[in-house]
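This is upload03.csv. It holds CSV, C-alpha atoms and all ligand atoms.
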```csv
chain,number,residue,atom,x,y,z
C,1,MET,CA,-4.9,-11.5,-9.2
C,2,ASP,CA,-1.9,-12.6,-7.2
C,3,VAL,CA,-2.3,-12.1,-3.4
C,4,LEU,CA,0.6,-12.4,-1.0
C,5,VAL,CA,-0.2,-12.6,2.8
C,6,VAL,CA,2.9,-11.7,4.8
C,7,ASP,CA,2.5,-13.9,7.8
C,8,HIS,CA,5.9,-13.3,9.3
C,9,PRO,CA,5.7,-13.3,13.2
C,10,LEU,CA,7.1,-9.7,13.4
C,11,ALA,CA,4.6,-8.5,10.8
C,12,GLN,CA,1.8,-10.1,12.7
C,13,SER,CA,2.9,-8.6,16.0
C,14,ARG,CA,2.9,-5.1,14.5
C,15,LEU,CA,-0.5,-5.8,13.0
C,16,THR,CA,-1.8,-6.8,16.4
C,17,ALA,CA,-0.6,-3.6,18.0
C,18,MET,CA,-2.5,-1.7,15.2
C,19,ARG,CA,-5.7,-3.7,15.9
C,20,ASP,CA,-5.6,-3.0,19.6
C,21,ALA,CA,-8.0,-0.1,20.4
C,22,ARG,CA,-5.7,0.9,23.4
C,23,THR,CA,-2.8,1.7,21.1
C,24,ASP,CA,-2.3,5.4,20.9
C,25,SER,CA,-1.7,7.3,17.7
C,26,SER,CA,2.1,7.6,18.2
C,27,SER,CA,2.5,3.8,18.7
C,28,PHE,CA,0.0,3.2,15.9
C,29,ARG,CA,2.1,5.2,13.5
C,30,ALA,CA,5.3,3.4,14.6
C,31,ALA,CA,3.7,0.0,14.1
C,32,LEU,CA,2.5,1.0,10.7
C,33,HIS,CA,5.9,2.3,9.7
C,34,GLU,CA,7.6,-1.0,10.8
C,35,LEU,CA,5.0,-3.2,9.2
C,36,THR,CA,5.2,-1.2,5.9
C,37,THR,CA,9.0,-1.9,5.8
C,38,MET,CA,8.2,-5.6,6.1
C,39,LEU,CA,5.4,-5.5,3.4
C,40,ALA,CA,7.7,-3.6,1.0
C,41,TYR,CA,10.6,-6.0,1.6
C,42,GLU,CA,8.4,-8.9,0.7
C,43,ALA,CA,6.8,-7.1,-2.3
C,44,ALA,CA,10.3,-6.3,-3.6
C,45,ARG,CA,11.4,-10.0,-3.6
C,46,SER,CA,10.2,-10.3,-7.2
C,47,PHE,CA,11.6,-7.0,-8.5
C,48,PRO,CA,14.0,-7.4,-11.4
C,49,VAL,CA,17.6,-6.6,-10.7
C,50,GLU,CA,20.6,-5.8,-12.8
C,51,ARG,CA,24.3,-6.5,-12.2
C,52,TYR,CA,27.0,-3.8,-12.2
C,53,PRO,CA,30.7,-3.7,-11.4
C,54,VAL,CA,31.9,-2.6,-8.0
C,55,GLU,CA,35.3,-2.5,-6.3
C,56,THR,CA,35.5,-3.8,-2.8
C,57,PRO,CA,38.6,-2.8,-0.7
C,58,VAL,CA,40.0,-6.1,-1.9
C,59,VAL,CA,39.0,-6.8,-5.4
C,60,ALA,CA,36.6,-6.0,-8.3
C,61,THR,CA,33.3,-7.9,-8.3
C,62,GLN,CA,29.8,-7.7,-9.5
C,63,GLY,CA,27.1,-5.9,-7.5
C,64,THR,CA,23.3,-5.9,-7.7
C,65,ARG,CA,20.7,-3.1,-7.9
C,66,LEU,CA,17.1,-2.8,-8.8
C,67,ALA,CA,16.7,-2.6,-12.5
C,68,ASN,CA,13.6,-0.3,-12.4
C,69,PRO,CA,12.8,1.2,-9.0
C,70,PRO,CA,9.0,1.7,-8.6
C,71,LEU,CA,7.1,4.9,-8.3
C,72,LEU,CA,5.6,5.0,-4.8
C,73,VAL,CA,2.0,6.3,-4.5
C,74,PRO,CA,0.6,6.8,-1.0
C,75,VAL,CA,-3.2,7.2,-1.0
C,76,LEU,CA,-4.0,10.2,1.3
C,77,ARG,CA,-4.6,10.4,4.1
C,78,ALA,CA,-3.9,7.0,5.6
C,79,GLY,CA,-1.3,5.9,3.1
C,80,LEU,CA,0.9,8.8,4.1
C,81,GLY,CA,1.9,6.8,7.2
C,82,MET,CA,3.5,4.2,4.9
C,83,ALA,CA,5.4,6.6,2.7
C,84,ASN,CA,8.6,7.2,4.6
C,85,ALA,CA,9.0,3.5,5.4
C,86,ALA,CA,8.7,2.5,1.7
C,87,LEU,CA,11.0,5.3,0.6
C,88,GLY,CA,13.6,4.3,3.3
C,89,LEU,CA,13.7,0.8,1.7
C,90,LEU,CA,13.5,2.1,-1.8
C,91,PRO,CA,15.6,5.3,-1.7
C,92,GLU,CA,15.9,5.4,-5.5
C,93,SER,CA,12.2,5.7,-5.9
C,94,SER,CA,10.1,8.8,-6.9
C,95,MET,CA,6.8,9.5,-5.3
C,96,GLY,CA,3.4,10.5,-6.6
C,97,PHE,CA,0.2,11.2,-4.6
C,98,VAL,CA,-3.5,10.5,-4.8
C,99,GLY,CA,-6.0,11.9,-2.4
C,100,LEU,CA,-9.3,10.0,-1.9
C,101,ALA,CA,-12.0,10.2,0.7
C,102,ARG,CA,-14.7,7.6,1.0
C,103,ASP,CA,-18.2,9.1,1.1
C,104,GLU,CA,-19.8,8.0,4.4
C,105,ARG,CA,-23.2,7.5,2.8
C,106,THR,CA,-22.5,5.8,-0.6
C,107,PHE,CA,-19.1,4.4,0.5
C,108,GLU,CA,-17.7,5.4,-3.0
C,109,PRO,CA,-14.4,7.3,-3.2
C,110,ARG,CA,-14.3,11.0,-3.9
C,111,ALA,CA,-11.0,12.1,-5.5
C,112,TYR,CA,-9.6,15.4,-4.2
C,113,MET,CA,-6.0,15.3,-5.4
C,114,GLU,CA,-3.8,13.6,-7.9
C,115,SER,CA,-0.2,14.3,-8.5
C,116,LEU,CA,1.2,11.7,-10.9
C,117,PRO,CA,3.6,11.6,-13.9
C,118,ALA,CA,1.6,11.8,-17.1
C,119,ASP,CA,3.2,8.7,-18.6
C,120,LEU,CA,3.6,5.6,-16.5
C,121,SER,CA,4.4,3.2,-19.3
C,122,GLY,CA,7.3,1.0,-18.3
C,123,ILE,CA,7.2,2.2,-14.7
C,124,PRO,CA,6.2,-0.2,-11.9
C,125,VAL,CA,4.1,1.4,-9.2
C,126,LEU,CA,3.8,0.6,-5.5
C,127,VAL,CA,0.5,1.8,-4.1
C,128,LEU,CA,0.4,2.4,-0.3
C,129,ASP,CA,-2.9,2.3,1.5
C,130,PRO,CA,-3.5,0.5,4.9
C,131,MET,CA,-7.0,-0.6,4.1
C,132,LEU,CA,-8.7,-2.4,1.3
C,133,ALA,CA,-12.4,-2.5,2.4
C,134,THR,CA,-15.0,-2.3,-0.4
C,135,GLY,CA,-12.1,-1.8,-2.9
C,136,GLY,CA,-13.6,1.3,-4.3
C,137,SER,CA,-10.7,3.6,-3.4
C,138,LEU,CA,-8.0,1.2,-4.6
C,139,GLU,CA,-9.8,0.4,-7.8
C,140,HIS,CA,-10.1,4.1,-8.5
C,141,CYS,CA,-6.4,4.7,-7.8
C,142,CYS,CA,-5.3,1.7,-9.9
C,143,ARG,CA,-7.5,2.9,-12.7
C,144,LEU,CA,-5.8,6.3,-12.6
C,145,LEU,CA,-2.5,4.6,-12.9
C,146,ALA,CA,-3.6,2.2,-15.7
C,147,ASP,CA,-5.0,5.2,-17.7
C,148,ARG,CA,-1.5,6.7,-17.6
C,149,GLY,CA,-0.1,3.5,-19.2
C,150,CYS,CA,1.0,1.6,-16.1
C,151,THR,CA,0.9,-2.2,-16.5
C,152,ASP,CA,2.6,-3.2,-13.3
C,153,ILE,CA,0.9,-2.2,-10.0
C,154,THR,CA,1.6,-3.7,-6.6
C,155,VAL,CA,-0.7,-2.6,-3.8
C,156,LEU,CA,0.6,-2.7,-0.2
C,157,CYS,CA,-2.2,-3.0,2.4
C,158,VAL,CA,-2.2,-3.7,6.1
C,159,LEU,CA,-5.7,-5.3,5.9
C,160,ALA,CA,-7.8,-6.6,3.1
C,161,ALA,CA,-11.5,-7.6,3.1
C,162,PRO,CA,-12.5,-10.4,0.8
C,163,ALA,CA,-15.1,-8.1,-0.9
C,164,GLY,CA,-12.3,-5.6,-1.8
C,165,ILE,CA,-10.0,-8.3,-3.1
C,166,GLU,CA,-12.9,-9.6,-5.3
C,167,ARG,CA,-13.6,-6.1,-6.6
C,168,LEU,CA,-9.9,-5.6,-7.5
C,169,ARG,CA,-9.8,-9.0,-9.1
C,170,ARG,CA,-13.0,-8.3,-11.2
C,171,SER,CA,-11.5,-4.9,-12.3
C,172,ASN,CA,-9.0,-6.8,-14.5
C,173,LEU,CA,-6.5,-4.1,-13.7
C,174,PRO,CA,-2.8,-5.2,-13.8
C,175,VAL,CA,-2.5,-5.4,-10.0
C,176,ARG,CA,-1.2,-7.7,-7.3
C,177,LEU,CA,-1.8,-7.4,-3.6
C,178,VAL,CA,0.6,-7.7,-0.7
C,179,THR,CA,-1.1,-7.6,2.7
C,180,ALA,CA,-0.6,-8.6,6.3
C,181,SER,CA,-4.1,-10.1,6.6
C,182,ILE,CA,-7.3,-11.1,4.8
C,183,ASP,CA,-9.9,-10.3,7.4
C,184,GLU,CA,-13.3,-11.8,7.9
C,185,GLY,CA,-15.4,-9.1,6.2
C,186,LEU,CA,-17.2,-5.8,6.4
C,187,ASN,CA,-19.8,-4.4,8.8
C,188,ASP,CA,-22.8,-2.3,7.8
C,189,GLN,CA,-20.6,0.8,7.9
C,190,MET,CA,-18.2,-0.9,5.5
C,191,PHE,CA,-15.5,-1.1,8.2
C,192,ILE,CA,-13.2,-4.1,8.0
C,193,VAL,CA,-14.0,-6.7,10.7
C,194,PRO,CA,-12.2,-7.4,13.0
C,195,GLY,CA,-10.0,-4.7,11.4
C,196,LEU,CA,-8.4,-1.8,13.2
C,197,GLY,CA,-10.9,1.0,12.9
C,198,ASP,CA,-10.2,4.0,10.6
C,199,ALA,CA,-6.5,4.0,9.8
C,200,GLY,CA,-6.5,7.7,8.9
C,201,ASP,CA,-8.2,8.8,12.2
C,202,ARG,CA,-6.0,6.5,14.3
C,203,GLN,CA,-2.9,8.1,12.8
C,204,PHE,CA,-3.9,11.7,12.4
C,205,GLY,CA,-7.2,12.2,14.5
C,206,GLY,CA,-10.8,12.5,13.3
C,207,MET,CA,-11.8,15.0,10.6
L,301,LIG,C1,-9.9,4.6,4.0
L,301,LIG,C2,-8.7,3.8,3.6
L,301,LIG,C3,-8.9,3.5,2.2
L,301,LIG,C4,-10.4,3.4,2.1
L,301,LIG,C5,-10.8,2.0,2.1
L,301,LIG,O1,-9.7,6.0,3.7
L,301,LIG,O2,-7.5,4.4,3.9
L,301,LIG,O3,-8.4,4.5,1.3
L,301,LIG,O4,-10.9,4.1,3.2
L,301,LIG,O5,-12.1,1.9,1.8
L,301,LIG,P1,-12.7,1.2,0.5
L,301,LIG,O6,-11.9,0.0,0.1
L,301,LIG,O7,-14.1,0.8,0.9
L,301,LIG,O8,-12.7,2.3,-0.6
L,301,LIG,P2,-10.7,7.1,4.0
L,301,LIG,O9,-11.7,7.3,2.8
L,301,LIG,O10,-11.4,6.9,5.3
L,301,LIG,O11,-9.8,8.4,4.0
L,301,LIG,P3,-8.6,8.8,5.0
L,301,LIG,O12,-7.4,8.0,4.5
L,301,LIG,O13,-8.4,10.3,4.6
L,301,LIG,O14,-9.0,8.6,6.4
```

Could I get this file's structure written as structure tokens?
Ligand code: PRP
Amino acid sequence: MDVLVVDHPLAQSRLTAMRDARTDSSSFRAALHELTTMLAYEAARSFPVERYPVETPVVATQGTRLANPPLLVPVLRAGLGMANAALGLLPESSMGFVGLARDERTFEPRAYMESLPADLSGIPVLVLDPMLATGGSLEHCCRLLADRGCTDITVLCVLAAPAGIERLRRSNLPVRLVTASIDEGLNDQMFIVPGLGDAGDRQFGGM
């Protein structure tokens, strides 16, 4: 599985703001929005383009556009905070939704919502979720997409734990990962260390 770590100084400064426990929810959401723009920008570097004719005020020339804009899939709740930034950069995209909550005892995902096109063959998908911890949630999400025929999945994460990367790799799903950091590991509550806490709670408050 391809893994791209976006180590741009501006991405790393937004990541640091998100890690800081003193950052309030408004600033946390702002940093996540800006960081998502940078992650999506880097992810899109390899997207195929097509040429088409345009007229400048001076002359006719050739322009460039995405050949096949991706479907955006934020994983609720925490991925919602990435949705507007990704859509801003990819305004031609459509959006689907998957709702997953990780069981606090088993750490396995429980699906409570899915709103996706029935047939995803030929459609690239950009999955948005700030955290790849054990990998259970993103494996579940990517499997939903692959079951609908998707063969081209890019996951945008703020943070990834090595165990989650390994789980996605072992899944053999057609996925690549773009993240701002590969962190040290997981604690006994399966939180990413050093991490940033719970990205859903930090944006939207505890449930
Ligand atoms: C968090 C996070 C991921 C998942 C990561 O969501 O946003 O979806 O946990 O953990 P995993 O890799 O071990 O599956 P959570 O279940 O806390 O739900 P929320 O987004 O509603 O807060």

Residues within 7 Å of ligand LIG 301 (chain L), counting all atoms listed in the file, as a VMD selection string: chain C and resid 75 to 79 100 to 103 107 to 109 129 to 138 164 190 198 to 201

All residues 8 Å or closer to Glu34 of chain C, all atoms listed in the file, same chain fewer than 4 positions away omitted, as a list in words: Arg14, Ala30, Met38 and Ala85 of chain C

Non-local contacts of segment 151-158 of chain C (8 Å; all atoms listed in the file; under 4 positions in same chain excluded) as a ChimeraX atom specification: /C:15,35-36,39-40,43,121-132,142,146,174-181

Nearest candidate to Gly185 of chain C (options C:Pro162, C:Pro57, C:Pro48, C:Gly205; using only C-alpha atoms):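 Smallest distance to Gly185 of chain C is found for C:Pro162.
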
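Taking all atoms listed in the file into account, those protein, DNA and RNA residues with any atom at most 9 Å away from (13.9, -1.3, 2.7) amount to Thr37, Met38, Ala40, Tyr41, Ala44, Ala85, Ala86, Leu87, Gly88, Leu89, Leu90 and Pro91 of chain C.
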
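The nearest approach to Asp20 of chain C among the residues C:Met1, C:Leu71, C:Ala83, C:Leu196, with only C-alpha atoms taken into account, belongs to C:Leu196.
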
Point-to-point distance in Å for atom CA of Cys150 of chain C and atom CA of Ala111 of chain C: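 Computing the Euclidean distance for atom CA of Ala111 of chain C and atom CA of Cys150 of chain C yields 19.1 Å.
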
Nearest-residue call for Val98 of chain C, choices C:Asn172, C:Asn68, C:Ser115, C:Asn187, using all atoms listed in the file: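 Among the listed residues, C:Ser115 lies closest to Val98 of chain C.
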
Spatial sel., origin (0.0, 10.9, -13.3), limit 8 Å, all atoms listed in the file, listed as a VMD selection string: chain C and resid 96 114 to 120 144 to 145 148

Proximity to Glu104 of chain C - best of C:Gln189, C:His140, C:Phe47, C:Leu168, all atoms listed in the file: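 For Glu104 of chain C, the nearest of the candidates is C:Gln189.
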
Among the residues C:Thr61, C:Arg167, C:Ala31, C:Arg45, the one that comes closest to Ser13 of chain C [using all atoms listed in the file]: C:Ala31

Atom CA of Gly81 of chain C to atom CA of Ser26 of chain C, straight-line distance in Å: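 Atom CA of Ser26 of chain C sits 11.0 Å away from atom CA of Gly81 of chain C.
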
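Note that the spacing between atom CA of Tyr112 of chain C and atom CA of Gly99 of chain C amounts to 5.3 Å.
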
Among the residues C:Thr106, C:Gln203, C:Ser46, C:Ser94, the one that comes closest to Asp188 of chain C [using only C-alpha atoms]: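 Among C:Thr106, C:Gln203, C:Ser46, C:Ser94, it is C:Thr106 that comes nearest to Asp188 of chain C.
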
List the spatial neighbours of Asp183 of chain C as a PDB file with C-alpha atoms, keeping the file's coordinate frame - criterion: any atom at most 7 Å away, all atoms listed in the file, same-chain residues fewer than 3 positions off excluded.
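Once everything was written out, this is out_8.pdb:
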```
ATOM      1  CA  LEU C 159      -5.700  -5.300   5.900  1.00  0.00           C
ATOM      2  CA  ALA C 160      -7.800  -6.600   3.100  1.00  0.00           C
ATOM      3  CA  ALA C 161     -11.500  -7.600   3.100  1.00  0.00           C
ATOM      4  CA  VAL C 193     -14.000  -6.700  10.700  1.00  0.00           C
ATOM      5  CA  PRO C 194     -12.200  -7.400  13.000  1.00  0.00           C
ATOM      6  CA  GLY C 195     -10.000  -4.700  11.400  1.00  0.00           C
TER       7      GLY C 195
END
```

Using the atoms already present, construct N, CA and C atoms for segment 108-122 of chain C and hand them back as a compact mmCIF listing (two decimals), in the frame of the given file.
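Saved file result32.txt follows:
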```txt
# COMPACT_ATOMS: atom_id res chain seq x y z
N GLU C 108 -18.53 5.25 -1.75
CA GLU C 108 -17.70 5.40 -3.00
C GLU C 108 -16.64 6.43 -2.76
N PRO C 109 -15.48 6.29 -3.41
CA PRO C 109 -14.40 7.30 -3.20
C PRO C 109 -14.66 8.59 -3.93
N ARG C 110 -14.24 9.67 -3.29
CA ARG C 110 -14.30 11.00 -3.90
C ARG C 110 -12.81 11.44 -4.03
N ALA C 111 -12.39 11.71 -5.28
CA ALA C 111 -11.00 12.10 -5.50
C ALA C 111 -10.85 13.60 -5.25
N TYR C 112 -9.85 14.00 -4.47
CA TYR C 112 -9.60 15.40 -4.20
C TYR C 112 -8.23 15.88 -4.62
N MET C 113 -7.38 14.93 -5.00
CA MET C 113 -6.00 15.30 -5.40
C MET C 113 -5.38 14.21 -6.18
N GLU C 114 -4.67 14.59 -7.24
CA GLU C 114 -3.80 13.60 -7.90
C GLU C 114 -2.58 14.32 -8.42
N SER C 115 -1.44 13.78 -8.09
CA SER C 115 -0.20 14.30 -8.50
C SER C 115 0.68 13.14 -8.98
N LEU C 116 0.60 12.87 -10.29
CA LEU C 116 1.20 11.70 -10.90
C LEU C 116 1.90 12.05 -12.17
N PRO C 117 2.98 11.34 -12.55
CA PRO C 117 3.60 11.60 -13.90
C PRO C 117 2.51 11.27 -14.95
N ALA C 118 2.57 12.01 -16.06
CA ALA C 118 1.60 11.80 -17.10
C ALA C 118 1.70 10.48 -17.80
N ASP C 119 2.93 9.99 -17.92
CA ASP C 119 3.20 8.70 -18.60
C ASP C 119 3.83 7.72 -17.70
N LEU C 120 3.11 6.66 -17.43
CA LEU C 120 3.60 5.60 -16.50
C LEU C 120 3.98 4.34 -17.26
N SER C 121 4.07 4.41 -18.61
CA SER C 121 4.40 3.20 -19.30
C SER C 121 5.84 2.77 -18.97
N GLY C 122 5.99 1.50 -18.67
CA GLY C 122 7.30 1.00 -18.30
C GLY C 122 7.72 1.23 -16.87
```
